[in-house]
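Data from model_34.tsv: TSV, N, CA and C atoms
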```tsv
chain	number	residue	atom	x	y	z
O	179	MET	N	-10.22	-13.27	9.36
O	179	MET	CA	-9.04	-12.45	9.16
O	179	MET	C	-8.09	-13.12	8.17
O	180	ILE	N	-7.44	-12.29	7.40
O	180	ILE	CA	-6.48	-12.76	6.42
O	180	ILE	C	-5.08	-12.37	6.90
O	181	ASN	N	-4.24	-13.34	7.11
O	181	ASN	CA	-2.89	-13.12	7.60
O	181	ASN	C	-1.97	-12.80	6.43
O	182	ILE	N	-1.16	-11.75	6.61
O	182	ILE	CA	-0.29	-11.27	5.54
O	182	ILE	C	1.11	-11.01	6.12
O	183	THR	N	2.13	-11.48	5.39
O	183	THR	CA	3.51	-11.19	5.74
O	183	THR	C	4.01	-10.13	4.77
O	184	VAL	N	4.51	-9.02	5.33
O	184	VAL	CA	4.95	-7.89	4.53
O	184	VAL	C	6.40	-7.57	4.85
O	185	LYS	N	7.22	-7.46	3.80
O	185	LYS	CA	8.59	-6.99	3.97
O	185	LYS	C	8.60	-5.51	3.59
O	186	ASP	N	9.05	-4.65	4.52
O	186	ASP	CA	9.05	-3.21	4.27
O	186	ASP	C	10.32	-2.78	3.53
O	187	HIS	N	10.48	-1.45	3.35
O	187	HIS	CA	11.62	-0.90	2.62
O	187	HIS	C	12.97	-1.24	3.24
O	188	THR	N	12.99	-1.49	4.54
O	188	THR	CA	14.26	-1.79	5.22
O	188	THR	C	14.55	-3.29	5.25
O	189	GLY	N	13.62	-4.10	4.75
O	189	GLY	CA	13.80	-5.54	4.76
O	189	GLY	C	13.19	-6.22	5.98
O	190	GLN	N	12.64	-5.42	6.89
O	190	GLN	CA	12.02	-5.99	8.08
O	190	GLN	C	10.67	-6.61	7.72
O	191	GLU	N	10.39	-7.79	8.28
O	191	GLU	CA	9.12	-8.46	8.04
O	191	GLU	C	8.12	-8.12	9.13
O	192	HIS	N	6.87	-7.94	8.70
O	192	HIS	CA	5.77	-7.64	9.61
O	192	HIS	C	4.65	-8.63	9.36
O	193	GLN	N	3.99	-9.04	10.41
O	193	GLN	CA	2.81	-9.89	10.32
O	193	GLN	C	1.60	-9.00	10.58
O	194	ILE	N	0.72	-8.90	9.59
O	194	ILE	CA	-0.47	-8.06	9.74
O	194	ILE	C	-1.70	-8.86	9.33
O	195	GLN	N	-2.86	-8.27	9.51
O	195	GLN	CA	-4.10	-8.93	9.13
O	195	GLN	C	-4.99	-7.96	8.38
O	196	GLY	N	-5.75	-8.50	7.46
O	196	GLY	CA	-6.73	-7.73	6.71
O	196	GLY	C	-8.07	-8.43	6.75
O	197	LEU	N	-9.08	-7.72	6.31
O	197	LEU	CA	-10.43	-8.28	6.27
O	197	LEU	C	-10.82	-8.63	4.85
O	198	GLU	N	-11.59	-9.67	4.70
O	198	GLU	CA	-12.10	-10.04	3.40
O	198	GLU	C	-12.89	-8.87	2.83
O	199	GLY	N	-12.62	-8.53	1.57
O	199	GLY	CA	-13.29	-7.41	0.92
O	199	GLY	C	-12.46	-6.14	0.89
O	200	ASP	N	-11.48	-6.02	1.81
O	200	ASP	CA	-10.58	-4.86	1.79
O	200	ASP	C	-9.67	-4.96	0.58
O	201	THR	N	-9.19	-3.80	0.12
O	201	THR	CA	-8.09	-3.85	-0.83
O	201	THR	C	-6.81	-3.97	-0.01
O	202	LEU	N	-5.81	-4.53	-0.61
O	202	LEU	CA	-4.52	-4.65	0.06
O	202	LEU	C	-3.99	-3.26	0.42
O	203	MET	N	-4.23	-2.28	-0.43
O	203	MET	CA	-3.79	-0.91	-0.15
O	203	MET	C	-4.41	-0.38	1.14
O	204	GLU	N	-5.70	-0.63	1.35
O	204	GLU	CA	-6.36	-0.15	2.56
O	204	GLU	C	-5.69	-0.69	3.81
O	205	VAL	N	-5.25	-1.92	3.75
O	205	VAL	CA	-4.59	-2.53	4.89
O	205	VAL	C	-3.19	-1.95	5.08
O	206	LEU	N	-2.43	-1.85	3.99
O	206	LEU	CA	-1.03	-1.42	4.07
O	206	LEU	C	-0.84	0.05	4.42
O	207	ARG	N	-1.77	0.90	4.05
O	207	ARG	CA	-1.57	2.33	4.31
O	207	ARG	C	-1.80	2.71	5.77
O	208	GLU	N	-2.28	1.77	6.57
O	208	GLU	CA	-2.52	2.02	7.98
O	208	GLU	C	-1.24	1.99	8.82
O	209	TYR	N	-0.14	1.57	8.21
O	209	TYR	CA	1.11	1.41	8.94
O	209	TYR	C	2.12	2.47	8.50
O	210	GLU	N	2.89	2.97	9.45
O	210	GLU	CA	3.91	3.98	9.17
O	210	GLU	C	4.88	3.48	8.10
O	211	TRP	N	5.20	2.22	8.10
O	211	TRP	CA	6.13	1.61	7.15
O	211	TRP	C	5.43	1.12	5.88
O	212	GLY	N	4.12	1.29	5.79
O	212	GLY	CA	3.33	0.77	4.67
O	212	GLY	C	3.42	1.61	3.42
O	213	VAL	N	2.42	1.50	2.57
O	213	VAL	CA	2.39	2.24	1.30
O	213	VAL	C	1.85	3.65	1.52
O	214	ALA	N	2.29	4.59	0.67
O	214	ALA	CA	1.81	5.97	0.76
O	214	ALA	C	0.38	6.10	0.26
O	215	ALA	N	0.07	5.44	-0.85
O	215	ALA	CA	-1.27	5.46	-1.43
O	215	ALA	C	-1.82	6.89	-1.54
O	216	ILE	N	-1.04	7.77	-2.14
O	216	ILE	CA	-1.37	9.18	-2.22
O	216	ILE	C	-2.72	9.44	-2.88
O	217	CYS	N	-3.06	8.70	-3.92
O	217	CYS	CA	-4.32	8.95	-4.64
O	217	CYS	C	-5.51	8.27	-3.99
O	218	GLY	N	-5.28	7.51	-2.93
O	218	GLY	CA	-6.38	6.88	-2.21
O	218	GLY	C	-7.03	5.72	-2.93
O	219	GLY	N	-6.35	5.15	-3.88
O	219	GLY	CA	-6.88	3.96	-4.56
O	219	GLY	C	-7.50	4.24	-5.91
O	220	LEU	N	-7.25	5.40	-6.48
O	220	LEU	CA	-7.83	5.76	-7.77
O	220	LEU	C	-6.97	5.30	-8.96
O	221	MET	N	-5.88	4.58	-8.68
O	221	MET	CA	-4.95	4.09	-9.68
O	221	MET	C	-4.41	5.26	-10.51
O	222	ALA	N	-4.01	6.33	-9.79
O	222	ALA	CA	-3.51	7.52	-10.46
O	222	ALA	C	-2.08	7.87	-10.09
O	223	CYS	N	-1.50	7.20	-9.08
O	223	CYS	CA	-0.18	7.64	-8.62
O	223	CYS	C	0.86	6.52	-8.57
O	224	GLY	N	0.47	5.30	-8.33
O	224	GLY	CA	1.42	4.19	-8.25
O	224	GLY	C	2.17	4.09	-6.95
O	225	THR	N	1.81	4.87	-5.94
O	225	THR	CA	2.54	4.85	-4.67
O	225	THR	C	2.10	3.72	-3.75
O	226	CYS	N	1.36	2.78	-4.28
O	226	CYS	CA	0.96	1.60	-3.51
O	226	CYS	C	1.52	0.33	-4.12
O	227	GLN	N	2.58	0.47	-4.95
O	227	GLN	CA	3.15	-0.68	-5.64
O	227	GLN	C	3.76	-1.68	-4.64
O	228	VAL	N	3.49	-2.94	-4.90
O	228	VAL	CA	4.06	-4.03	-4.11
O	228	VAL	C	4.57	-5.11	-5.06
O	229	TYR	N	5.43	-5.96	-4.53
O	229	TYR	CA	5.91	-7.13	-5.25
O	229	TYR	C	5.30	-8.35	-4.58
O	230	LEU	N	4.42	-9.03	-5.28
O	230	LEU	CA	3.84	-10.26	-4.75
O	230	LEU	C	4.86	-11.38	-4.83
O	231	ASP	N	4.99	-12.16	-3.77
O	231	ASP	CA	5.83	-13.35	-3.85
O	231	ASP	C	5.28	-14.23	-4.96
O	232	LYS	N	6.17	-14.90	-5.65
O	232	LYS	CA	5.82	-15.65	-6.87
O	232	LYS	C	4.60	-16.56	-6.71
O	233	GLU	N	4.51	-17.26	-5.59
O	233	GLU	CA	3.42	-18.23	-5.42
O	233	GLU	C	2.06	-17.56	-5.26
O	234	TRP	N	2.03	-16.24	-5.11
O	234	TRP	CA	0.76	-15.51	-4.93
O	234	TRP	C	0.30	-14.79	-6.18
O	235	GLN	N	1.12	-14.71	-7.19
O	235	GLN	CA	0.76	-13.95	-8.38
O	235	GLN	C	-0.51	-14.44	-9.05
O	236	ASP	N	-0.69	-15.74	-9.13
O	236	ASP	CA	-1.87	-16.27	-9.83
O	236	ASP	C	-3.10	-16.40	-8.93
O	237	LYS	N	-3.00	-15.90	-7.71
O	237	LYS	CA	-4.14	-15.95	-6.79
O	237	LYS	C	-4.99	-14.67	-6.86
O	238	PHE	N	-4.58	-13.73	-7.71
O	238	PHE	CA	-5.32	-12.50	-7.95
O	238	PHE	C	-5.67	-12.43	-9.44
O	239	PRO	N	-6.69	-11.65	-9.78
O	239	PRO	CA	-7.00	-11.49	-11.21
O	239	PRO	C	-5.79	-10.94	-11.97
O	240	LEU	N	-5.73	-11.25	-13.26
O	240	LEU	CA	-4.64	-10.75	-14.09
O	240	LEU	C	-4.61	-9.23	-14.09
O	241	ILE	N	-3.43	-8.70	-14.26
O	241	ILE	CA	-3.26	-7.25	-14.32
O	241	ILE	C	-3.96	-6.71	-15.57
O	242	ASP	N	-4.66	-5.58	-15.42
O	242	ASP	CA	-5.33	-5.02	-16.60
O	242	ASP	C	-4.41	-3.99	-17.26
O	243	PRO	N	-4.68	-3.63	-18.51
O	243	PRO	CA	-3.79	-2.73	-19.25
O	243	PRO	C	-3.56	-1.38	-18.56
O	244	GLU	N	-4.57	-0.81	-17.93
O	244	GLU	CA	-4.42	0.48	-17.27
O	244	GLU	C	-3.42	0.39	-16.10
O	245	GLU	N	-3.54	-0.67	-15.31
O	245	GLU	CA	-2.61	-0.87	-14.21
O	245	GLU	C	-1.19	-1.09	-14.74
O	246	GLN	N	-1.06	-1.89	-15.78
O	246	GLN	CA	0.24	-2.17	-16.37
O	246	GLN	C	0.88	-0.88	-16.89
O	247	ASP	N	0.09	-0.04	-17.57
O	247	ASP	CA	0.61	1.22	-18.10
O	247	ASP	C	1.16	2.11	-16.99
O	248	LEU	N	0.45	2.20	-15.87
O	248	LEU	CA	0.92	3.03	-14.76
O	248	LEU	C	2.20	2.45	-14.16
O	249	LEU	N	2.24	1.15	-13.96
O	249	LEU	CA	3.43	0.52	-13.39
O	249	LEU	C	4.66	0.73	-14.27
O	250	GLU	N	4.47	0.75	-15.57
O	250	GLU	CA	5.60	0.90	-16.49
O	250	GLU	C	6.24	2.28	-16.42
O	251	GLU	N	5.62	3.22	-15.72
O	251	GLU	CA	6.20	4.55	-15.53
O	251	GLU	C	7.29	4.54	-14.45
O	252	PHE	N	7.43	3.44	-13.72
O	252	PHE	CA	8.36	3.37	-12.61
O	252	PHE	C	9.58	2.51	-12.94
O	253	ASP	N	10.74	2.98	-12.50
O	253	ASP	CA	11.98	2.21	-12.69
O	253	ASP	C	11.98	0.94	-11.85
O	254	SER	N	11.19	0.94	-10.79
O	254	SER	CA	11.18	-0.17	-9.84
O	254	SER	C	10.27	-1.33	-10.26
O	255	ILE	N	9.65	-1.25	-11.43
O	255	ILE	CA	8.74	-2.32	-11.86
O	255	ILE	C	9.49	-3.63	-12.01
O	256	LYS	N	8.82	-4.70	-11.59
O	256	LYS	CA	9.32	-6.07	-11.74
O	256	LYS	C	8.19	-6.91	-12.33
O	257	SER	N	8.50	-8.13	-12.67
O	257	SER	CA	7.48	-9.01	-13.25
O	257	SER	C	6.35	-9.32	-12.27
O	258	ASN	N	6.62	-9.18	-10.98
O	258	ASN	CA	5.62	-9.48	-9.95
O	258	ASN	C	5.05	-8.21	-9.31
O	259	SER	N	5.23	-7.05	-9.98
O	259	SER	CA	4.68	-5.79	-9.48
O	259	SER	C	3.18	-5.73	-9.65
O	260	ARG	N	2.53	-5.19	-8.64
O	260	ARG	CA	1.10	-4.91	-8.70
O	260	ARG	C	0.81	-3.66	-7.90
O	261	LEU	N	-0.29	-2.99	-8.24
O	261	LEU	CA	-0.77	-1.88	-7.42
O	261	LEU	C	-1.69	-2.48	-6.37
O	262	SER	N	-1.36	-2.26	-5.11
O	262	SER	CA	-2.15	-2.89	-4.04
O	262	SER	C	-3.59	-2.37	-4.00
O	263	CYS	N	-3.86	-1.21	-4.61
O	263	CYS	CA	-5.23	-0.70	-4.66
O	263	CYS	C	-6.12	-1.54	-5.57
O	264	GLN	N	-5.52	-2.36	-6.41
O	264	GLN	CA	-6.27	-3.19	-7.34
O	264	GLN	C	-6.43	-4.63	-6.87
O	265	LEU	N	-5.94	-4.92	-5.67
O	265	LEU	CA	-5.96	-6.29	-5.15
O	265	LEU	C	-6.93	-6.41	-3.99
O	266	HIS	N	-8.08	-7.02	-4.26
O	266	HIS	CA	-9.10	-7.22	-3.23
O	266	HIS	C	-8.85	-8.54	-2.51
O	267	LEU	N	-8.86	-8.48	-1.19
O	267	LEU	CA	-8.56	-9.66	-0.37
O	267	LEU	C	-9.78	-10.54	-0.19
O	268	ASP	N	-9.55	-11.83	-0.23
O	268	ASP	CA	-10.57	-12.80	0.17
O	268	ASP	C	-9.89	-13.98	0.85
O	269	SER	N	-10.67	-14.93	1.27
O	269	SER	CA	-10.14	-16.03	2.09
O	269	SER	C	-9.01	-16.80	1.41
O	270	ARG	N	-8.96	-16.81	0.09
O	270	ARG	CA	-7.87	-17.49	-0.64
O	270	ARG	C	-6.52	-16.86	-0.39
O	271	HIS	N	-6.51	-15.62	0.13
O	271	HIS	CA	-5.27	-14.89	0.30
O	271	HIS	C	-4.66	-15.01	1.70
O	272	ASP	N	-5.26	-15.86	2.54
O	272	ASP	CA	-4.69	-16.06	3.87
O	272	ASP	C	-3.29	-16.64	3.73
O	273	GLY	N	-2.31	-15.98	4.34
O	273	GLY	CA	-0.91	-16.38	4.22
O	273	GLY	C	-0.15	-15.61	3.16
O	274	LEU	N	-0.80	-14.63	2.54
O	274	LEU	CA	-0.18	-13.80	1.49
O	274	LEU	C	1.17	-13.27	1.96
O	275	SER	N	2.12	-13.21	1.03
O	275	SER	CA	3.46	-12.71	1.31
O	275	SER	C	3.87	-11.76	0.19
O	276	LEU	N	4.41	-10.60	0.58
O	276	LEU	CA	4.77	-9.58	-0.40
O	276	LEU	C	5.82	-8.65	0.15
O	277	THR	N	6.37	-7.82	-0.76
O	277	THR	CA	7.35	-6.81	-0.41
O	277	THR	C	6.84	-5.46	-0.92
O	278	ILE	N	6.99	-4.42	-0.12
O	278	ILE	CA	6.61	-3.09	-0.57
O	278	ILE	C	7.69	-2.56	-1.48
O	279	ALA	N	7.30	-2.05	-2.65
O	279	ALA	CA	8.25	-1.49	-3.61
O	279	ALA	C	8.86	-0.20	-3.07
O	280	PRO	N	10.08	0.12	-3.51
O	280	PRO	CA	10.71	1.36	-3.03
O	280	PRO	C	9.95	2.59	-3.52
O	281	ASP	N	10.06	3.67	-2.77
O	281	ASP	CA	9.47	4.95	-3.17
O	281	ASP	C	10.27	5.51	-4.35
O	282	GLU	N	9.53	6.14	-5.25
O	282	GLU	CA	10.21	6.80	-6.38
O	282	GLU	C	9.79	8.25	-6.43
```
Final structure tokens representation of the file:
Amino acid sequence: MINITVKDHTGQEHQIQGLEGDTLMEVLREYEWGVAAICGGLMACGTCQVYLDKEWQDKFPLIDPEEQDLLEEFDSIKSNSRLSCQLHLDSRHDGLSLTIAPDE
């Protein structure tokens, strides 16, 4: 199991777990306070945007141009923004910490 600390839209922190091989979006959409993930992971809507805590940014593959283009459509984009549908979990991510981006 991969332990993840998530700060929701209200600032409340939650401790959750994911499985190796899951996308972060698959884990987060299971919670009422989680991501909407309207497109189901097709990288078509951006409703699974999260902010990775700084120390976790380099633990995932670099953002690709398609993901970057979609994120740039949102006012809420930050330097640590990622689409959780593009982030596959593995054992290196145990202890991951992130914040769910606001809905737009």
Residue with the minimum atom-to-atom distance to Glu198 in chain O, picked from O:His266, O:Leu276, O:Cys217, O:Ser257 with only N, CA and C atoms counted, is O:His266
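Comparing the minimum interatomic distances between Ala279 in chain O and each of O:Leu220, O:Phe252, O:Gln227, O:Asn181, counting only C-alpha atoms, we find that O:Gln227 sits nearest.
All residues in chain O with a DSSP state of strand (DSSP E or B), computed from the backbone, read Ile180, Asn181, Ile182, Thr183, Val184, Lys185, Glu191, His192, Gln193, Ile194, Gln195, Gly196, Thr201, Gln227, Val228, Tyr229, Leu230, Ser259, Arg260, Leu261, His266, Leu274, Ser275, Leu276, Thr277 and Ile278 of chain O.
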Across O:His192, O:Asp200, O:Lys256, O:Arg270, the smallest distance to Tyr229 in chain O, with all atoms listed in the file counted, is shown by O:Lys256
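What separates CA of Thr188 in chain O from CA of Glu244 in chain O is a distance of 29.3 Å.
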